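Asker: File follows, coords.csv with CSV, C-alpha atoms:
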```csv
chain,number,residue,atom,x,y,z
W,1434,MET,CA,0.0,0.0,0.0
W,1435,PRO,CA,1.6,3.3,-1.0
W,1436,ILE,CA,2.3,5.9,1.8
W,1437,ARG,CA,1.0,9.3,1.1
W,1438,SER,CA,3.1,12.4,1.8
W,1439,LEU,CA,3.5,13.4,5.4
W,1440,ASN,CA,3.8,16.8,6.8
W,1441,LEU,CA,6.1,16.0,9.7
W,1442,GLN,CA,8.1,18.0,12.2
W,1443,ALA,CA,10.8,15.5,13.0
W,1444,ASP,CA,13.4,15.7,15.7
W,1445,ALA,CA,17.0,16.6,15.1
W,1446,ASP,CA,19.4,13.8,14.1
W,1447,ASN,CA,20.2,12.9,17.7
W,1448,SER,CA,17.2,13.9,19.7
W,1449,PRO,CA,18.1,14.1,23.4
W,1450,VAL,CA,15.9,12.6,26.1
W,1451,GLY,CA,15.4,14.9,29.0
W,1452,PHE,CA,16.5,14.2,32.6
W,1453,GLU,CA,13.1,13.4,34.0
W,1454,THR,CA,11.5,15.1,37.0
W,1455,HIS,CA,7.8,15.5,37.7
W,1456,ALA,CA,7.7,19.2,38.2
W,1457,THR,CA,7.5,22.4,36.1
W,1458,PRO,CA,7.1,22.3,32.3
W,1459,MET,CA,10.8,23.2,31.8
W,1460,MET,CA,11.9,20.3,33.8
W,1461,THR,CA,9.6,17.6,32.6
W,1462,ASN,CA,9.2,15.4,29.5
W,1463,MET,CA,5.5,15.5,30.0
W,1464,SER,CA,3.0,17.7,28.3
W,1465,MET,CA,-0.5,16.9,29.6
W,1466,THR,CA,-2.6,19.4,27.7
W,1467,ALA,CA,-6.1,17.8,27.4
W,1468,ALA,CA,-4.6,14.4,28.0
W,1469,MET,CA,-6.5,11.3,27.1
W,1470,HIS,CA,-5.6,8.0,28.8
W,1471,ILE,CA,-5.0,5.2,26.3
W,1472,SER,CA,-4.3,1.6,27.3
W,1473,PRO,CA,-0.7,0.6,26.7
W,1474,GLU,CA,-1.8,-2.4,24.7
W,1475,LYS,CA,-3.8,-0.4,22.3
W,1476,LEU,CA,-0.9,2.0,21.8
W,1477,ARG,CA,1.5,-0.8,21.3
W,1478,CYS,CA,-0.7,-2.4,18.7
W,1479,PHE,CA,-1.1,0.9,16.9
W,1480,VAL,CA,2.7,1.4,16.7
W,1481,HIS,CA,3.1,-2.2,15.6
W,1482,ASP,CA,0.6,-1.8,12.8
W,1483,ALA,CA,2.2,1.4,11.7
W,1484,ALA,CA,5.6,-0.3,11.5
W,1485,ARG,CA,4.2,-3.2,9.5
W,1486,ARG,CA,2.7,-0.7,7.0
W,1487,LEU,CA,6.2,0.5,6.5
W,1488,ASP,CA,7.3,-3.1,5.7
W,1489,ILE,CA,9.3,-3.4,8.8
W,1490,PRO,CA,9.6,-7.2,9.5
W,1491,GLU,CA,7.3,-8.7,12.1
W,1492,ASN,CA,9.9,-9.4,14.8
W,1493,GLN,CA,11.4,-5.9,14.5
W,1494,ALA,CA,8.0,-4.2,14.3
W,1495,ALA,CA,7.0,-6.0,17.6
W,1496,LEU,CA,10.2,-4.9,19.3
W,1497,LEU,CA,9.9,-1.3,18.1
W,1498,ALA,CA,6.3,-1.2,19.4
W,1499,GLN,CA,7.4,-2.6,22.7
W,1500,LEU,CA,10.2,-0.2,23.2
W,1501,LEU,CA,8.3,3.0,22.1
W,1502,THR,CA,5.3,2.1,24.3
W,1503,ALA,CA,7.7,1.4,27.2
W,1504,SER,CA,9.1,4.9,26.9
W,1505,ASP,CA,5.5,6.4,26.9
W,1506,LEU,CA,4.7,4.3,30.0
W,1507,ARG,CA,7.7,5.9,31.8
W,1508,GLY,CA,6.6,9.4,30.7
W,1509,VAL,CA,9.5,9.8,28.3
W,1510,PHE,CA,7.1,10.9,25.5
W,1511,SER,CA,9.8,12.6,23.4
W,1512,HIS,CA,11.1,9.1,22.7
W,1513,GLY,CA,7.9,7.2,22.6
W,1514,SER,CA,5.2,6.6,20.0
W,1515,ARG,CA,5.5,10.1,18.6
W,1516,GLN,CA,8.8,9.1,17.1
W,1517,MET,CA,7.0,7.0,14.5
W,1518,LEU,CA,6.4,10.3,12.6
W,1519,ARG,CA,10.1,10.7,12.2
W,1520,TYR,CA,10.8,7.1,11.3
W,1521,THR,CA,8.0,7.0,8.8
W,1522,ARG,CA,9.4,10.0,7.0
W,1523,GLU,CA,12.9,8.5,6.9
W,1524,ILE,CA,11.7,5.2,5.6
W,1525,ARG,CA,9.4,6.8,3.1
W,1526,ASP,CA,12.2,9.0,1.8
W,1527,ASP,CA,14.4,5.9,1.4
W,1528,VAL,CA,17.0,7.4,3.7
W,1529,LEU,CA,16.5,4.6,6.3
W,1530,ASN,CA,16.4,0.9,5.6
W,1531,ALA,CA,13.0,-0.7,6.5
W,1532,GLN,CA,14.4,-4.2,6.4
W,1533,PRO,CA,17.9,-4.2,7.9
W,1534,ASP,CA,20.0,-7.3,8.2
W,1535,VAL,CA,21.5,-6.7,11.6
W,1536,ARG,CA,24.8,-8.5,12.1
W,1537,CYS,CA,27.7,-8.7,14.6
W,1538,VAL,CA,30.7,-7.9,12.5
W,1539,ARG,CA,33.5,-8.1,15.2
W,1540,GLU,CA,33.6,-9.9,18.4
W,1541,THR,CA,35.9,-10.9,21.3
W,1542,PRO,CA,35.1,-12.5,24.7
W,1543,THR,CA,34.5,-9.0,26.1
W,1544,SER,CA,33.4,-6.9,23.1
W,1545,LEU,CA,31.3,-6.8,20.0
W,1546,VAL,CA,30.5,-4.5,17.1
W,1547,MET,CA,27.0,-4.5,15.7
W,1548,ASP,CA,26.1,-3.2,12.2
W,1549,GLY,CA,22.6,-1.9,11.7
W,1550,ASP,CA,22.6,-2.2,7.9
W,1551,GLY,CA,21.1,1.3,7.5
W,1552,GLY,CA,18.0,0.7,9.6
W,1553,LEU,CA,16.7,2.0,12.9
W,1554,GLY,CA,19.2,1.9,15.7
W,1555,TYR,CA,16.9,0.0,18.1
W,1556,PHE,CA,17.6,-3.3,16.4
W,1557,PRO,CA,21.4,-3.5,16.7
W,1558,ALA,CA,21.4,-1.7,20.0
W,1559,TYR,CA,18.9,-4.0,21.6
W,1560,GLU,CA,20.3,-7.3,20.2
W,1561,GLY,CA,23.8,-6.1,21.0
W,1562,THR,CA,22.8,-5.3,24.6
W,1563,LEU,CA,21.4,-8.7,25.2
W,1564,ARG,CA,24.7,-10.2,23.9
W,1565,LEU,CA,26.7,-7.8,25.9
W,1566,ILE,CA,24.9,-8.8,29.1
W,1567,GLU,CA,25.9,-12.4,28.5
W,1568,LYS,CA,29.5,-11.5,28.0
W,1569,ALA,CA,29.6,-9.3,31.1
W,1570,GLU,CA,28.0,-12.0,33.2
W,1571,GLN,CA,30.7,-14.5,31.9
W,1572,GLN,CA,33.7,-12.2,31.8
W,1573,GLY,CA,32.9,-9.6,34.5
W,1574,MET,CA,32.6,-6.6,32.1
W,1575,ALA,CA,32.1,-6.0,28.4
W,1576,ALA,CA,31.7,-3.2,25.9
W,1577,MET,CA,29.7,-2.8,22.6
W,1578,VAL,CA,29.7,-0.4,19.7
W,1579,THR,CA,26.9,-0.1,17.2
W,1580,ARG,CA,27.2,1.5,13.8
W,1581,ASN,CA,25.5,2.3,10.5
W,1582,HIS,CA,22.0,2.9,11.8
W,1583,GLY,CA,19.4,5.6,12.7
W,1584,HIS,CA,17.9,6.6,16.0
W,1585,ILE,CA,18.4,4.3,19.0
W,1586,GLY,CA,15.6,5.9,21.1
W,1587,ALA,CA,16.2,6.6,24.8
W,1588,ALA,CA,19.6,5.5,26.0
W,1589,GLY,CA,18.0,4.3,29.2
W,1590,ILE,CA,16.3,1.5,27.3
W,1591,TYR,CA,19.6,-0.3,27.2
W,1592,THR,CA,21.1,0.5,30.7
W,1593,ARG,CA,17.8,-0.6,32.3
W,1594,LEU,CA,18.2,-4.0,30.7
W,1595,ALA,CA,21.6,-4.3,32.4
W,1596,VAL,CA,20.3,-3.6,36.0
W,1597,GLU,CA,18.1,-6.7,35.8
W,1598,HIS,CA,21.3,-8.8,35.8
W,1599,ASP,CA,23.1,-7.0,38.7
W,1600,LEU,CA,25.2,-5.0,36.3
W,1601,ILE,CA,26.1,-1.3,36.3
W,1602,ALA,CA,26.0,0.2,32.9
W,1603,PHE,CA,26.7,3.3,30.7
W,1604,ALA,CA,25.3,4.0,27.3
W,1605,THR,CA,25.7,6.9,24.9
W,1606,SER,CA,25.1,7.7,21.2
W,1607,GLY,CA,26.8,10.0,18.7
W,1608,ALA,CA,25.5,11.5,15.4
W,1609,GLN,CA,27.0,12.8,12.2
W,1610,LEU,CA,28.0,16.4,12.9
W,1611,LYS,CA,28.2,19.3,10.5
W,1612,ILE,CA,30.8,21.6,12.1
W,1613,LYS,CA,31.6,24.7,10.0
W,1614,SER,CA,34.2,27.3,10.7
W,1615,GLY,CA,32.6,30.2,12.5
W,1616,ASN,CA,29.8,28.2,14.2
W,1617,ARG,CA,29.1,28.8,17.8
W,1618,MET,CA,30.8,26.3,20.1
W,1619,TYR,CA,27.5,24.5,20.7
W,1620,LYS,CA,27.9,22.9,17.3
W,1621,ALA,CA,30.8,20.9,18.7
W,1622,VAL,CA,28.3,18.3,19.9
W,1623,GLY,CA,24.9,16.9,19.0
W,1624,GLY,CA,22.1,15.9,21.3
W,1625,ALA,CA,24.6,14.0,23.5
W,1626,PRO,CA,22.4,11.4,25.1
W,1627,MET,CA,23.9,9.4,27.9
W,1628,SER,CA,22.5,7.0,30.5
W,1629,PHE,CA,24.0,5.5,33.7
W,1630,SER,CA,22.3,2.8,35.7
W,1631,ALA,CA,22.7,0.9,39.0
W,1632,PRO,CA,20.3,-1.6,40.4
W,1633,ALA,CA,18.5,-1.4,43.7
W,1634,GLY,CA,16.6,-4.0,45.7
W,1635,ARG,CA,13.0,-3.1,46.5
W,1636,GLU,CA,13.4,0.5,45.3
W,1637,PRO,CA,13.6,1.6,41.7
W,1638,ALA,CA,16.9,1.3,40.0
W,1639,LEU,CA,19.0,4.4,39.5
W,1640,VAL,CA,18.7,5.4,35.8
W,1641,VAL,CA,20.1,8.7,34.7
W,1642,ASP,CA,18.9,9.2,31.1
W,1643,ALA,CA,19.7,12.7,29.9
W,1644,GLY,CA,20.5,14.8,26.9
W,1645,VAL,CA,23.4,16.7,28.4
W,1646,THR,CA,23.2,19.5,26.0
W,1647,ASN,CA,19.4,20.0,26.1
W,1648,ASP,CA,19.6,23.5,27.3
W,1649,LEU,CA,22.1,24.5,24.6
W,1650,ASP,CA,20.0,23.7,21.6
W,1651,GLY,CA,19.4,26.6,19.2
W,1652,ASP,CA,15.7,27.0,20.3
W,1653,ALA,CA,16.3,26.3,24.0
W,1654,PRO,CA,15.0,29.1,26.1
W,1655,HIS,CA,17.5,31.2,28.1
W,1656,ARG,CA,20.5,29.6,26.4
W,1657,ASP,CA,22.4,32.9,26.1
W,1658,GLN,CA,21.5,33.9,29.7
W,1659,ILE,CA,22.8,30.5,30.9
W,1660,GLU,CA,26.0,31.1,29.0
W,1661,GLN,CA,26.5,34.5,30.7
W,1662,LEU,CA,25.6,33.4,34.2
W,1663,ALA,CA,27.3,30.0,34.2
W,1664,PRO,CA,29.9,29.6,31.5
W,1665,ARG,CA,31.6,26.7,33.3
W,1666,LEU,CA,28.3,24.9,33.4
W,1667,VAL,CA,28.0,25.3,29.6
W,1668,LEU,CA,31.6,24.2,29.0
W,1669,ARG,CA,31.0,21.2,31.2
W,1670,ALA,CA,28.0,20.2,29.2
W,1671,ILE,CA,29.9,20.5,26.0
W,1672,GLY,CA,32.7,18.4,27.5
W,1673,TYR,CA,30.2,15.6,28.4
W,1674,GLY,CA,28.7,16.0,24.9
W,1675,ALA,CA,32.2,15.5,23.4
W,1676,VAL,CA,32.5,12.2,25.2
W,1677,CYS,CA,29.2,11.1,23.8
W,1678,GLN,CA,30.4,12.1,20.3
W,1679,ALA,CA,33.8,10.5,20.7
W,1680,TRP,CA,32.6,7.2,22.2
W,1681,GLY,CA,29.2,6.9,20.5
W,1682,GLY,CA,30.1,8.5,17.2
W,1683,LEU,CA,33.8,8.5,16.2
W,1684,LEU,CA,34.3,5.1,17.7
W,1685,ALA,CA,31.4,3.9,15.7
W,1686,GLY,CA,32.9,5.1,12.4
W,1687,LEU,CA,31.2,8.5,12.0
W,1688,PRO,CA,33.8,10.8,10.5
W,1689,VAL,CA,34.2,14.4,11.6
W,1690,ASP,CA,34.1,15.6,8.0
W,1691,LEU,CA,30.7,14.9,6.4
W,1692,ASP,CA,32.4,14.5,3.0
W,1693,ARG,CA,34.1,11.4,4.2
W,1694,ALA,CA,30.9,9.7,5.3
W,1695,ASP,CA,30.3,6.6,3.3
W,1696,ARG,CA,26.8,5.3,3.8
W,1697,ARG,CA,24.1,3.9,1.6
W,1698,TYR,CA,21.2,5.3,3.8
W,1699,ALA,CA,21.6,9.0,4.6
W,1700,ALA,CA,19.7,8.8,7.9
W,1701,ALA,CA,21.9,5.9,9.2
W,1702,SER,CA,24.1,8.6,10.7
W,1703,GLN,CA,24.3,7.5,14.2
W,1704,GLY,CA,26.3,5.1,16.4
W,1705,ALA,CA,26.2,4.0,20.0
W,1706,MET,CA,28.3,2.6,22.7
W,1707,LEU,CA,27.4,0.6,25.8
W,1708,PHE,CA,29.6,-0.6,28.7
W,1709,ALA,CA,28.4,-3.0,31.5
W,1710,CYS,CA,30.2,-4.4,34.6
W,1711,LYS,CA,29.3,-6.9,37.3
W,1712,ILE,CA,28.8,-5.5,40.7
W,1713,ALA,CA,30.2,-8.8,42.1
W,1714,LEU,CA,33.7,-7.7,41.0
W,1715,PHE,CA,33.7,-5.2,43.7
W,1716,ALA,CA,31.0,-5.8,46.2
W,1717,ASP,CA,28.3,-8.3,47.3
W,1718,PRO,CA,25.4,-7.5,44.9
W,1719,ASP,CA,22.7,-8.0,47.6
W,1720,GLN,CA,24.5,-5.7,50.0
W,1721,PHE,CA,25.0,-3.1,47.3
W,1722,LYS,CA,21.3,-3.2,46.5
W,1723,ARG,CA,20.4,-2.8,50.1
W,1724,GLU,CA,22.6,0.3,50.3
W,1725,MET,CA,21.0,1.6,47.1
W,1726,ASP,CA,17.5,1.2,48.7
W,1727,GLU,CA,18.6,3.2,51.7
W,1728,TYR,CA,20.1,5.8,49.4
W,1729,VAL,CA,16.9,6.2,47.4
W,1730,GLN,CA,14.8,6.4,50.7
W,1731,ARG,CA,17.1,9.1,52.3
W,1732,VAL,CA,17.1,11.3,49.2
W,1733,ARG,CA,13.3,11.4,49.2
W,1734,GLN,CA,13.6,13.0,52.7
W,1735,LEU,CA,15.7,15.9,51.4
W,1736,LYS,CA,14.4,19.4,50.7
W,1737,PRO,CA,13.3,19.6,47.0
W,1738,ILE,CA,14.7,22.0,44.5
W,1739,PRO,CA,12.4,25.0,44.2
W,1740,GLY,CA,9.7,24.5,41.6
W,1741,THR,CA,9.8,20.7,41.9
W,1742,GLU,CA,7.3,18.5,43.6
W,1743,GLY,CA,9.7,16.3,45.6
W,1744,ALA,CA,13.2,15.0,46.1
W,1745,PHE,CA,14.1,11.8,44.3
W,1746,LEU,CA,16.9,10.1,42.4
W,1747,ALA,CA,16.7,9.7,38.6
W,1748,GLY,CA,14.6,6.7,37.6
W,1749,ASP,CA,12.3,6.9,40.7
W,1750,VAL,CA,9.5,9.0,39.2
W,1751,GLU,CA,9.7,7.1,35.9
W,1752,ALA,CA,9.2,3.8,37.7
W,1753,ARG,CA,6.2,5.2,39.5
W,1754,ARG,CA,4.7,6.5,36.3
W,1755,GLU,CA,5.2,3.0,34.7
W,1756,VAL,CA,3.0,1.5,37.4
W,1757,ALA,CA,0.4,4.3,37.4
W,1758,PHE,CA,0.1,4.5,33.6
W,1759,GLY,CA,-0.1,0.7,33.3
W,1760,GLU,CA,-3.2,0.8,35.5
W,1761,SER,CA,-4.9,4.0,34.3
W,1762,GLY,CA,-3.6,4.2,30.8
W,1763,ILE,CA,-0.9,6.3,29.2
W,1764,PRO,CA,-1.8,10.0,29.2
W,1765,VAL,CA,-1.7,11.2,25.6
W,1766,SER,CA,-1.7,14.9,25.3
W,1767,LEU,CA,-3.5,16.9,22.6
W,1768,ASP,CA,-0.4,17.5,20.6
W,1769,HIS,CA,0.6,13.8,20.9
W,1770,ARG,CA,-2.8,12.7,19.6
W,1771,ARG,CA,-2.5,15.1,16.7
W,1772,ASP,CA,0.8,13.6,15.7
W,1773,LEU,CA,-0.6,10.0,15.9
W,1774,GLU,CA,-3.7,11.1,13.9
W,1775,THR,CA,-1.5,12.4,11.2
W,1776,LEU,CA,0.4,9.1,11.2
W,1777,ALA,CA,-2.9,7.1,11.2
W,1778,ARG,CA,-4.4,9.2,8.3
W,1779,ASP,CA,-1.4,8.8,6.1
W,1780,LEU,CA,-0.8,5.1,6.8
W,1781,GLU,CA,-4.6,4.4,6.6
W,1782,LEU,CA,-4.8,3.1,10.2
W,1783,ARG,CA,-7.4,3.7,13.0
W,1784,VAL,CA,-6.2,5.7,16.0
W,1785,PRO,CA,-6.2,3.7,19.2
W,1786,TRP,CA,-8.9,5.9,20.8
W,1787,SER,CA,-11.4,5.7,17.9
```
Output the file's structure in the form of structure tokens.
Answerer:
Amino acid sequence: MPIRSLNLQADADNSPVGFETHATPMMTNMSMTAAMHISPEKLRCFVHDAARRLDIPENQAALLAQLLTASDLRGVFSHGSRQMLRYTREIRDDVLNAQPDVRCVRETPTSLVMDGDGGLGYFPAYEGTLRLIEKAEQQGMAAMVTRNHGHIGAAGIYTRLAVEHDLIAFATSGAQLKIKSGNRMYKAVGGAPMSFSAPAGREPALVVDAGVTNDLDGDAPHRDQIEQLAPRLVLRAIGYGAVCQAWGGLLAGLPVDLDRADRRYAAASQGAMLFACKIALFADPDQFKREMDEYVQRVRQLKPIPGTEGAFLAGDVEARREVAFGESGIPVSLDHRRDLETLARDLELRVPWS
């Protein structure tokens, strides 16, 4: 079935996922204007059907639907079902491979390199993470690089997989940059997503999942004021972003000079890197998780930052949302519904709330 032209407002090449809080609009990933609660299963089925209309193979369509819905469940709406607009445009324009043959192209007992064959980054990153976890459990630690693919989604998807196996983990992603002489220094990095994780026991795992240069984007409010008031903070963010680009981009084969980029699919302009390590190398995992539980509990007793609704560690609020939204449905804002309606209309699907 042909796909009609879409009028899409897609994210930048390396869209960052915000560090989640549940407070003011500037500090949250949530936009609840006229929200309608949709069951996770209905939303998952909708994303799956959209992916199949794009000729994404069944197993990959099912995984994509699972991961995007999981992001929505945690309130990370920027990297949830709305991303299907971007992916549809990229596949429709033949700048992303709808049917990639994901392969491991280099492997040692403690490392692997996954090639995404020009498709979405979820597929090599997810498969590679599962293989990485096996290596880390056997060898104590392991690292992975993925290359030749598009968007990987939220970096926290992959570090959260690791905590289920008593591993600590770090993930990042880089994108093809377009640095030109005379650009402002912000152009030194892309969205610079990074995620760190550590498991807890009864409390939610620590999952920092952040675009470290969010507040430096061209349309970010108060960027120039932040630069004037806290230049060291800006330079620190750019420094962290450079690590994301070096480890998740250059290490994955993305050249600094766009003219040297050799790729069949233009949107396959991202790479990623993941590292995981066994807690048992350094401490008893159960004792570590008990300490983590106490850490989470004590932080909740601290005085919140002004404008926020509470004190918490990263990952705490998202875990609560996952439970609440699983019971009451995912709150889909008016803008979110409009995006999905556009997608449904052009792919000749029914929206999940019809």
Asker: Find the residues around Ala1588 (chain W) up to 9 Å (only C-alpha atoms counted), leave out those fewer than 3 positions away in its own chain, and share them as a list in words.
Answerer: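 Result of the neighbour search: Val1450, Ile1585, Tyr1591, Thr1592, Arg1593, Phe1603, Ala1604, Thr1605, Ser1606, Pro1626, Met1627, Ser1628, Phe1629, Asp1642 and Ala1643 of chain W.
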Asker: I'd like the interatomic distance between CA of Arg1580 (chain W) and CA of Ala1685 (chain W), to a tenth of an Å.
Answerer: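 Computing the Euclidean distance for CA of Arg1580 (chain W) and CA of Ala1685 (chain W) yields 5.2 Å.
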Asker: Please identify all polymer residues within 10 Å of Ala1484 (chain W), counting all atoms listed in the file, omitting same-chain residues fewer than 3 positions from it, and present them as a PDB file with C-alpha atoms, keeping the file's coordinate frame.
Answerer:
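Ended up saving to part.pdb:
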```
ATOM      1  CA  CYS W1478      -0.700  -2.400  18.700  1.00  0.00           C
ATOM      2  CA  PHE W1479      -1.100   0.900  16.900  1.00  0.00           C
ATOM      3  CA  VAL W1480       2.700   1.400  16.700  1.00  0.00           C
ATOM      4  CA  HIS W1481       3.100  -2.200  15.600  1.00  0.00           C
ATOM      5  CA  LEU W1487       6.200   0.500   6.500  1.00  0.00           C
ATOM      6  CA  ASP W1488       7.300  -3.100   5.700  1.00  0.00           C
ATOM      7  CA  ILE W1489       9.300  -3.400   8.800  1.00  0.00           C
ATOM      8  CA  PRO W1490       9.600  -7.200   9.500  1.00  0.00           C
ATOM      9  CA  GLU W1491       7.300  -8.700  12.100  1.00  0.00           C
ATOM     10  CA  GLN W1493      11.400  -5.900  14.500  1.00  0.00           C
ATOM     11  CA  ALA W1494       8.000  -4.200  14.300  1.00  0.00           C
ATOM     12  CA  ALA W1495       7.000  -6.000  17.600  1.00  0.00           C
ATOM     13  CA  LEU W1497       9.900  -1.300  18.100  1.00  0.00           C
ATOM     14  CA  ALA W1498       6.300  -1.200  19.400  1.00  0.00           C
ATOM     15  CA  MET W1517       7.000   7.000  14.500  1.00  0.00           C
ATOM     16  CA  TYR W1520      10.800   7.100  11.300  1.00  0.00           C
ATOM     17  CA  THR W1521       8.000   7.000   8.800  1.00  0.00           C
ATOM     18  CA  ALA W1531      13.000  -0.700   6.500  1.00  0.00           C
ATOM     19  CA  LEU W1780      -0.800   5.100   6.800  1.00  0.00           C
TER      20      LEU W1780
END
```
Asker: To one decimal in Å, tell me the separation between CA of Thr1543 (chain W) and CA of Phe1708 (chain W).
Answerer: 10.1 Å
Asker: Out of W:Leu1476, W:Val1596, W:Ala1631, W:Ala1744, which residue has the shortest atom-to-atom distance to Ala1777 (chain W) when counting only C-alpha atoms?
Answerer: W:Leu1476
Asker: So, with all atoms listed in the file as the atoms that count, which of W:Val1732, W:Leu1529, W:Val1645, W:Leu1746 lies closest to Tyr1673 (chain W)?
Answerer: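 Residue with the minimum atom-to-atom distance to Tyr1673 (chain W): W:Val1645.
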Asker: For Gln1658 (chain W), work out the shell of residues within 12 Å, counting all atoms listed in the file and skipping chain neighbours fewer than 5 positions away, then give it as a PDB file with C-alpha atoms, keeping the file's coordinate frame.
Answerer:
```pdb
ATOM      1  CA  ASP W1648      19.600  23.500  27.300  1.00  0.00           C
ATOM      2  CA  LEU W1649      22.100  24.500  24.600  1.00  0.00           C
ATOM      3  CA  ALA W1653      16.300  26.300  24.000  1.00  0.00           C
ATOM      4  CA  ALA W1663      27.300  30.000  34.200  1.00  0.00           C
ATOM      5  CA  PRO W1664      29.900  29.600  31.500  1.00  0.00           C
ATOM      6  CA  LEU W1666      28.300  24.900  33.400  1.00  0.00           C
ATOM      7  CA  VAL W1667      28.000  25.300  29.600  1.00  0.00           C
TER       8      VAL W1667
END
```
Asker: When you look at Arg1515 (chain W) with a cut-off of 7 Å (counting only C-alpha atoms), what residues show up, excluding the ones that are within fewer than 6 positions of it in the same chain? I need them as JSON, numbers by chain.
Answerer: {"W": [1769, 1772, 1773]}
Asker: Output C-alpha atoms for every residue in the selection just made, as a PDB file, in the coordinates of the input.
Answerer:
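Saved to out.pdb:
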```pdb
ATOM      1  CA  HIS W1769       0.600  13.800  20.900  1.00  0.00           C
ATOM      2  CA  ASP W1772       0.800  13.600  15.700  1.00  0.00           C
ATOM      3  CA  LEU W1773      -0.600  10.000  15.900  1.00  0.00           C
TER       4      LEU W1773
END
```
Asker: Mind listing whatever residues come within 12 Å of the point (33.5, -12.4, 32.0)? Use all atoms listed in the file, file coordinates, and give them as a ChimeraX atom specification.
Answerer: /W:1541-1544,1565-1576,1600,1709-1711,1713-1714
Asker: Counting only C-alpha atoms, write as a list in words all protein and nucleic acid residues lying at most 10 Å from (17.0, -5.4, 23.7) in the file's frame.
Answerer: Leu1496, Leu1497, Leu1500, Tyr1555, Phe1556, Pro1557, Ala1558, Tyr1559, Glu1560, Gly1561, Thr1562, Leu1563, Arg1564, Ile1590, Tyr1591, Arg1593, Leu1594 and Ala1595 of chain W
Asker: Tell me which of W:Glu1755, W:Pro1632, W:Arg1507, W:Met1706 sits closest to Val1578 (chain W), counting all atoms listed in the file.
Answerer: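 Answer, going by the shortest atom-to-atom distance: W:Met1706.
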